[in-house]
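Here is the structure we will look at.
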Amino acid sequence: MGPVARLLAQRISLGLLLLFLVSILIFLGTMVLPGDVAQQILGQSATPEALANLRAELGVNDPPVARYFEWLGGLLTGDLGTALTSGQSINEAIGRRLSNTLFLAFWAALITVPLAIFLGLLAVRYQERWPDKLISATTLTTISMPEFVLGYILMFFVGVRLGWLPPTAVGFRPDGDLLSRLESIALPVMVLTLVVLAHMMRMTRAAILNVMQSAYIETAELKGLTTFTVIRRHAFPNAISPVINVVMLNLAYLVVGVVVVEIVFNYPGMGQYLVDHVTKRDVPVVQACGIIFAAIYIGLNLTADVVSILTNPRLRHPK
Amino acid sequence: MSSQLDYLKLRVAQGRMSRREFLGRAGALGITAALASSLYTQAARAAEPQKGGTIRMGLQGGSTTDSLDPALATNQVALMVIRLWGESLVELDDDGGLIGKVAESWESSADAKEWRFKLRPGIQFSNGQDVTAEDVVATMERHSGEESKSGALGIMRSIVNVDAQGDEVVFTLDSGNADLPYLIADYHLPIQPNGGKDDAAAAIGTGPYILKDYEMGVRFVAEKNPNYWGDIGHAETIELIVINDNTARVAALQSGQVDMIDRVPPRTAGLVARAPGINVHQTSGPGHYVFIMHCDTAPFDNNDVRLALKHGINRQEMVDKVLFGYGSVGNDTPINASYPLYTEIEQREYDPDKAKFHWDKAGVDEPILLRTSDISFPGAPDAAALFQQSLQQAGIPLEIKREPNDGYWSEVWNVQPFCTSYWGGRPTQDQMYTTAYLSTADWNDTKFRNEQFDQMLIAARAELDEAKRTQMYADMGMIIHNEGGLICPMFNDFVDATSDRLAGWVEGVNGFALMNSYAPLRMWVKA
């Protein structure tokens, strides 16, 4: 087995172990929450009789350890079970929700990643001059605002006042044509872009500036290359590793952290699905969402790790 | 005078005034009832509903975890979906009376122990099956019995037997109840084929629409039921979109993504009303925000403490600052003018001196602890702070403890001795008192136990003489007002909004928000 394959195997098995630990944490977390699913389904209008009937029917009277292993068994065979509250298959519901969330995250990433890297390069090119300062000031302003505030501001001005784009995603149909789907998610994508742009841009800028201090860059400059070519050809490839890291982290954020944006814009993705079920104490669904989010997060971080090792010979051959 | 009359006629033509309101207002202008009545018909004709089109609603309250089974409906969205596809035997009319739906007529025995409902002939379920008395019996059976988890279980407890006799259904009760038709008007009880025993969540009923497509907690689409017997349901298609976020809901209405929304936040309702093409509707209802004390727990077991707190609350200030005027002052009973057989009680005012008098008499030297959370009602922590200030002037110390929203209904409400909460109200006084003020009630959240009150409640239930019954309820209201553990500072109005695309809104409809959830069925898209 080559060193790269061994490294991959090692990382992946570590990731799986981590997932397993996360699943236990999620299960314990749902146990600590006050109230139970029967109480939440029936709400303020629960009678002791109705509660007892519902609890027995949902099987929440079984001991927690048994419930956990039953769930783990299902998970390993690819069956996430059924939601306690609505009796619907979780696989089916999550499949739909996850593809909506990924659709949103994909388009946000497609716009954000190139834009952030380009702006980072631009900021380095005009370092300490007005384009750099403008880019930094703007992106830092938008990252400092909570997503929901940005969402409401765009909703009000772009959606309601100017009427350019639909203010909420209520018109979103998973089976609609691409153009109408893109129109529905235009504002959420904008908010996500504004929120993650600064982080990626600043990291790109910092990484490249770091490389720019090196002697070989000076050589390149002395050869008479233009600043932009120096950055593109000589500095950027050496700065890829930290940039990939921050890009992956932000991609994970785009998938996992969109809960607030989805709720503000009424977008039928994983976030809304998760929040609804947390408030109802629907443990199987919360576990399923939690494990999927954890898998995405761990998976993307793993990718970042592996990619940065592969692009850096120094890390590829550890002493 | 004529310009005022024209205005009234215009309101009728816009479909924004009920017959009763028109006759009353025209009477005030000195017009005879007969003339006013014919004027109303004339004006209303100009407002013939137009057929066709699509009505889109944005509602709060739906969740991915909901079920289509009407027994499990707990929120505004679930109720609205039931209204689209189903109907109960009888339902509430605009003025708090009753209107026949699946049942055409009904009558009771002299002791109100036996009720006969005659079914409307020739009506069908949306799957083409005829509605039979057996279906009604099966429906009632599914919601009762120890196995049931229906939200209507409490209602069904007093019903001993339901029997099908030809085209009639006979209910037998354990004791007389003059309000039985009100009980079975409950939205959990739409008539389903074989009572929904085969498939409770099939959404098949006798309603004006047929559910075509849905995703729980996201969106529901219903199309006109071609075989519907009645004359409501004007639009061809109704689309219900769940928009839980307040700002998003208002934005969707303003930009024309939806035509009607519920629960406009009172804080911004004034601004929304100023937007062009938007009508904000304010409807008073039985819902109220409360501070509840457990009458069996110290120090609230002392009536002087309860009276001190009742005198120490500034009700008008709360209506102004918590409801922003979208509501009315309460009077420490759960009943207001929206109930049939209501009698006014002299208003209890904010009076720090009286509060201090009762507080000193009680001789409690510890501060009172009030638990609150935003989920108990919107603005509850603010209301608690106002209460703290108004009590301070009477020298009564109040400590406020913020509780998390999560688990409030299971850990605080009905458990802790003093907390904030809300009630949605019930269609009749009997139901409201039976639900929360009878000694043995599950949700007796003030732990109020008064033998005399219980006896009067049972007696009033079987009393068919309206005048006597009204008097009994007035006396019971006084008992709660003076001895109960309820501090009711305010009744909250429903605040809904519709766009100019729609016509047919009727002001002052009793029941739930959005014209008791009939707005999409009774309004129409303007041609």
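Chains: A, B, ... in order of the structure tokens. Residues: from 1 per chain. Ligands: from 1, in order shown.
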
At most 6 Å to chain A: residues in chain B, only C-alpha atoms, as number ranges by chain: B: 63, 65-67, 149, 243, 255, 407, 409-410

Skip Phe236 of chain A itself and residues of its chain fewer than 5 positions away, then list as an mmCIF file with all heavy atoms, in the first residue's frame all residues within 10 Å of it, counting only C-alpha atoms.
```cif
data_model
loop_
_atom_site.group_PDB
_atom_site.id
_atom_site.type_symbol
_atom_site.label_atom_id
_atom_site.label_comp_id
_atom_site.auth_asym_id
_atom_site.auth_seq_id
_atom_site.Cartn_x
_atom_site.Cartn_y
_atom_site.Cartn_z
ATOM 1 N N ILE A 117 -12.034 34.244 -4.645
ATOM 2 C CA ILE A 117 -10.635 34.104 -5.036
ATOM 3 C C ILE A 117 -10.214 35.258 -5.941
ATOM 4 O O ILE A 117 -9.152 35.863 -5.765
ATOM 5 C CB ILE A 117 -10.421 32.735 -5.717
ATOM 6 C CG1 ILE A 117 -10.563 31.652 -4.645
ATOM 7 C CG2 ILE A 117 -9.059 32.665 -6.394
ATOM 8 C CD1 ILE A 117 -10.496 30.255 -5.158
ATOM 9 N N LEU A 121 -7.298 37.980 -5.121
ATOM 10 C CA LEU A 121 -6.177 38.296 -6.015
ATOM 11 C C LEU A 121 -6.127 39.794 -6.295
ATOM 12 O O LEU A 121 -5.066 40.432 -6.264
ATOM 13 C CB LEU A 121 -6.325 37.533 -7.332
ATOM 14 C CG LEU A 121 -6.237 36.001 -7.244
ATOM 15 C CD1 LEU A 121 -6.432 35.363 -8.613
ATOM 16 C CD2 LEU A 121 -4.894 35.593 -6.659
ATOM 17 N N THR A 204 -7.605 34.082 1.194
ATOM 18 C CA THR A 204 -6.870 34.067 -0.072
ATOM 19 C C THR A 204 -5.835 35.185 -0.061
ATOM 20 O O THR A 204 -4.651 34.985 -0.378
ATOM 21 C CB THR A 204 -7.856 34.290 -1.238
ATOM 22 O OG1 THR A 204 -8.936 33.396 -1.071
ATOM 23 C CG2 THR A 204 -7.179 34.051 -2.568
ATOM 24 N N ARG A 205 -6.277 36.355 0.328
ATOM 25 C CA ARG A 205 -5.390 37.525 0.338
ATOM 26 C C ARG A 205 -4.200 37.285 1.276
ATOM 27 O O ARG A 205 -3.036 37.477 0.882
ATOM 28 C CB ARG A 205 -6.198 38.739 0.813
ATOM 29 C CG ARG A 205 -5.444 40.032 0.875
ATOM 30 C CD ARG A 205 -6.380 41.158 1.307
ATOM 31 N NE ARG A 205 -5.663 42.412 1.472
ATOM 32 C CZ ARG A 205 -5.022 42.763 2.573
ATOM 33 N NH1 ARG A 205 -4.974 41.932 3.599
ATOM 34 N NH2 ARG A 205 -4.393 43.925 2.646
ATOM 35 N N ALA A 207 -2.980 34.446 2.413
ATOM 36 C CA ALA A 207 -2.107 33.354 1.981
ATOM 37 C C ALA A 207 -1.179 33.829 0.873
ATOM 38 O O ALA A 207 0.023 33.537 0.874
ATOM 39 C CB ALA A 207 -2.957 32.182 1.512
ATOM 40 N N ILE A 208 -1.731 34.568 -0.074
ATOM 41 C CA ILE A 208 -0.905 35.021 -1.195
ATOM 42 C C ILE A 208 0.117 36.052 -0.720
ATOM 43 O O ILE A 208 1.300 35.997 -1.091
ATOM 44 C CB ILE A 208 -1.779 35.578 -2.325
ATOM 45 C CG1 ILE A 208 -2.652 34.445 -2.877
ATOM 46 C CG2 ILE A 208 -0.923 36.166 -3.432
ATOM 47 C CD1 ILE A 208 -3.610 34.872 -3.922
ATOM 48 N N LEU A 209 -0.303 36.951 0.125
ATOM 49 C CA LEU A 209 0.627 37.966 0.636
ATOM 50 C C LEU A 209 1.798 37.301 1.349
ATOM 51 O O LEU A 209 2.947 37.730 1.227
ATOM 52 C CB LEU A 209 -0.092 38.913 1.600
ATOM 53 C CG LEU A 209 -0.877 40.033 0.941
ATOM 54 C CD1 LEU A 209 -1.525 40.909 2.000
ATOM 55 C CD2 LEU A 209 0.042 40.874 0.062
ATOM 56 N N VAL A 211 3.064 34.365 0.664
ATOM 57 C CA VAL A 211 3.966 33.825 -0.359
ATOM 58 C C VAL A 211 4.737 34.964 -1.034
ATOM 59 O O VAL A 211 5.919 34.812 -1.388
ATOM 60 C CB VAL A 211 3.150 33.027 -1.390
ATOM 61 C CG1 VAL A 211 4.043 32.531 -2.504
ATOM 62 C CG2 VAL A 211 2.446 31.873 -0.708
ATOM 63 N N MET A 212 4.076 36.112 -1.176
ATOM 64 C CA MET A 212 4.677 37.237 -1.898
ATOM 65 C C MET A 212 5.957 37.744 -1.227
ATOM 66 O O MET A 212 6.740 38.456 -1.841
ATOM 67 C CB MET A 212 3.684 38.396 -2.005
ATOM 68 C CG MET A 212 2.469 38.119 -2.866
ATOM 69 S SD MET A 212 2.825 37.947 -4.603
ATOM 70 C CE MET A 212 2.706 39.638 -5.136
ATOM 71 N N THR A 229 0.495 38.498 -13.269
ATOM 72 C CA THR A 229 1.039 37.217 -13.714
ATOM 73 C C THR A 229 1.849 36.569 -12.598
ATOM 74 O O THR A 229 1.784 35.359 -12.392
ATOM 75 C CB THR A 229 1.930 37.419 -14.957
ATOM 76 O OG1 THR A 229 1.285 38.316 -15.830
ATOM 77 C CG2 THR A 229 2.187 36.105 -15.661
ATOM 78 N N VAL A 230 2.563 37.396 -11.878
ATOM 79 C CA VAL A 230 3.348 36.862 -10.766
ATOM 80 C C VAL A 230 2.406 36.170 -9.763
ATOM 81 O O VAL A 230 2.633 35.043 -9.332
ATOM 82 C CB VAL A 230 4.137 37.985 -10.063
ATOM 83 C CG1 VAL A 230 4.779 37.447 -8.784
ATOM 84 C CG2 VAL A 230 5.169 38.551 -10.977
ATOM 85 N N ILE A 231 1.340 36.856 -9.455
ATOM 86 C CA ILE A 231 0.389 36.291 -8.502
ATOM 87 C C ILE A 231 -0.199 34.994 -9.042
ATOM 88 O O ILE A 231 -0.241 33.968 -8.362
ATOM 89 C CB ILE A 231 -0.740 37.307 -8.210
ATOM 90 C CG1 ILE A 231 -0.168 38.541 -7.513
ATOM 91 C CG2 ILE A 231 -1.824 36.670 -7.355
ATOM 92 C CD1 ILE A 231 -1.168 39.650 -7.338
ATOM 93 N N SER A 241 -3.048 25.516 -0.727
ATOM 94 C CA SER A 241 -3.398 24.687 0.417
ATOM 95 C C SER A 241 -4.258 25.419 1.459
ATOM 96 O O SER A 241 -5.354 24.961 1.793
ATOM 97 C CB SER A 241 -2.107 24.138 0.995
ATOM 98 O OG SER A 241 -2.351 23.499 2.178
ATOM 99 N N VAL A 243 -5.955 28.071 0.999
ATOM 100 C CA VAL A 243 -7.188 28.539 0.350
ATOM 101 C C VAL A 243 -8.194 27.394 0.254
ATOM 102 O O VAL A 243 -9.382 27.562 0.569
ATOM 103 C CB VAL A 243 -6.881 29.131 -1.040
ATOM 104 C CG1 VAL A 243 -8.157 29.405 -1.801
ATOM 105 C CG2 VAL A 243 -6.056 30.387 -0.891
#
```

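For Val509 of chain B, the non-local neighbours within 7 Å, defined as residues at least 3 positions apart in the same chain or in other chains and counting only C-alpha atoms, are Asp94, Asp95, Val506, Met515 and Asn516 of chain B.
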
I'd like the interatomic distance between atom CA of Trp115 of chain B and atom CA of Leu464 of chain B, to a tenth of an Å. 13.0 Å

Pick from B:Arg426, B:Lys526, B:His358, B:Arg449 nearest to Ala185 of chain B, counting only C-alpha atoms: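 Result for the nearest residue to Ala185 of chain B: B:Arg426.
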
Residue neighbourhood Leu98 of chain B, 12 Å, only C-alpha atoms, exclusion window fewer than 3 positions, as JSON, numbers by chain: {"B": [88, 89, 90, 91, 92, 93, 94, 95, 101, 103, 104, 105, 106, 179, 180, 181, 182, 183, 184, 185, 186, 340, 427, 428, 510, 511]}

Export N, CA, C and O atoms of the chosen residues as a short mmCIF file (atom, residue, chain, number, x, y, z; two decimals), in the first residue's frame?
```cif
data_model
loop_
_atom_site.label_atom_id
_atom_site.label_comp_id
_atom_site.auth_asym_id
_atom_site.auth_seq_id
_atom_site.Cartn_x
_atom_site.Cartn_y
_atom_site.Cartn_z
N SER B 88 -67.76 19.49 9.32
CA SER B 88 -68.36 18.83 10.46
C SER B 88 -69.86 18.75 10.25
O SER B 88 -70.38 19.22 9.24
N LEU B 89 -70.57 18.15 11.20
CA LEU B 89 -72.02 18.07 11.09
C LEU B 89 -72.61 19.48 11.01
O LEU B 89 -73.41 19.80 10.15
N VAL B 90 -72.18 20.32 11.98
CA VAL B 90 -72.60 21.72 11.99
C VAL B 90 -71.35 22.55 12.20
O VAL B 90 -70.34 22.04 12.67
N GLU B 91 -71.41 23.82 11.84
CA GLU B 91 -70.27 24.70 12.08
C GLU B 91 -70.75 26.06 12.55
O GLU B 91 -71.93 26.38 12.44
N LEU B 92 -69.84 26.86 13.07
CA LEU B 92 -70.19 28.19 13.57
C LEU B 92 -70.58 29.11 12.42
O LEU B 92 -69.96 29.06 11.36
N ASP B 93 -71.57 29.96 12.62
CA ASP B 93 -71.85 30.97 11.60
C ASP B 93 -71.18 32.29 12.03
O ASP B 93 -70.48 32.35 13.02
N ASP B 94 -71.42 33.34 11.24
CA ASP B 94 -70.68 34.59 11.45
C ASP B 94 -70.90 35.19 12.83
O ASP B 94 -70.03 35.84 13.39
N ASP B 95 -72.11 35.03 13.38
CA ASP B 95 -72.44 35.73 14.62
C ASP B 95 -72.30 34.85 15.84
O ASP B 95 -72.80 35.19 16.91
N LYS B 101 -74.07 21.85 8.19
CA LYS B 101 -73.19 21.47 7.08
C LYS B 101 -73.58 20.07 6.63
O LYS B 101 -74.49 19.92 5.84
N ALA B 103 -75.03 17.98 8.50
CA ALA B 103 -76.39 17.86 9.03
C ALA B 103 -77.23 19.02 8.50
O ALA B 103 -76.73 20.13 8.37
N GLU B 104 -78.48 18.74 8.20
CA GLU B 104 -79.35 19.78 7.67
C GLU B 104 -80.12 20.46 8.80
O GLU B 104 -80.29 21.66 8.81
N SER B 105 -80.55 19.65 9.77
CA SER B 105 -81.28 20.22 10.90
C SER B 105 -81.02 19.34 12.13
O SER B 105 -80.52 18.22 12.00
N TRP B 106 -81.33 19.90 13.30
CA TRP B 106 -81.07 19.15 14.52
C TRP B 106 -82.02 19.59 15.61
O TRP B 106 -82.54 20.70 15.58
N ASP B 179 -75.39 22.69 24.72
CA ASP B 179 -74.38 23.15 23.76
C ASP B 179 -73.81 22.04 22.89
O ASP B 179 -72.82 22.24 22.22
N LEU B 180 -74.44 20.86 22.91
CA LEU B 180 -73.83 19.76 22.17
C LEU B 180 -73.49 20.11 20.72
O LEU B 180 -72.40 19.80 20.24
N PRO B 181 -74.39 20.78 19.97
CA PRO B 181 -74.04 21.09 18.58
C PRO B 181 -72.76 21.93 18.48
O PRO B 181 -71.99 21.76 17.54
N TYR B 182 -72.53 22.79 19.47
CA TYR B 182 -71.28 23.57 19.46
C TYR B 182 -70.07 22.65 19.63
O TYR B 182 -69.01 22.88 19.06
N LEU B 183 -70.24 21.64 20.48
CA LEU B 183 -69.12 20.73 20.71
C LEU B 183 -68.74 20.00 19.44
O LEU B 183 -67.57 19.89 19.10
N ILE B 184 -69.76 19.50 18.71
CA ILE B 184 -69.40 18.70 17.54
C ILE B 184 -69.14 19.58 16.31
O ILE B 184 -68.84 19.09 15.24
N ALA B 185 -69.23 20.91 16.51
CA ALA B 185 -68.78 21.81 15.44
C ALA B 185 -67.26 21.90 15.43
O ALA B 185 -66.67 22.53 14.58
N ASP B 186 -66.62 21.24 16.40
CA ASP B 186 -65.16 21.29 16.54
C ASP B 186 -64.48 20.87 15.24
O ASP B 186 -64.90 19.94 14.57
N PRO B 340 -71.71 33.88 23.04
CA PRO B 340 -73.16 34.00 23.20
C PRO B 340 -73.48 34.05 24.70
O PRO B 340 -72.70 33.51 25.50
N PRO B 427 -65.94 28.22 21.58
CA PRO B 427 -67.15 28.86 21.03
C PRO B 427 -68.22 29.18 22.08
O PRO B 427 -69.03 30.09 21.88
N THR B 428 -68.27 28.44 23.18
CA THR B 428 -69.31 28.72 24.17
C THR B 428 -68.69 28.85 25.56
O THR B 428 -67.60 28.35 25.82
N ASN B 510 -67.09 35.54 13.80
CA ASN B 510 -66.72 34.91 15.06
C ASN B 510 -65.86 33.66 14.84
O ASN B 510 -65.97 33.02 13.81
N GLY B 511 -65.04 33.33 15.80
CA GLY B 511 -64.28 32.09 15.71
C GLY B 511 -62.80 32.32 15.61
O GLY B 511 -62.25 33.12 16.35
#
```

From segment 191-244 of chain B, collect each residue whose DSSP state is helix (DSSP H, G or I) and return the set as JSON, numbers by chain. {"B": [193, 194, 195, 196]}

Selected residues written out, N, CA and C atoms, as a compact mmCIF listing (two decimals), in the first residue's frame:
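To be explicit, this is the file written out as again-v1.txt:
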```
# COMPACT_ATOMS: atom_id res chain seq x y z
N PRO B 193 -65.32 9.17 5.31
CA PRO B 193 -65.91 7.88 4.92
C PRO B 193 -65.48 6.82 5.93
N ASN B 194 -66.45 6.10 6.45
CA ASN B 194 -66.24 5.13 7.54
C ASN B 194 -65.43 5.76 8.68
N GLY B 195 -65.66 7.03 8.90
CA GLY B 195 -65.04 7.72 10.03
C GLY B 195 -63.55 7.86 9.93
N GLY B 196 -62.97 7.56 8.77
CA GLY B 196 -61.52 7.63 8.65
C GLY B 196 -60.83 6.44 9.28
```

Which of segment 375-483 of chain B end up as strand (DSSP E or B) when DSSP is run on this backbone - answer as number ranges by chain? B: 398-402, 418-423
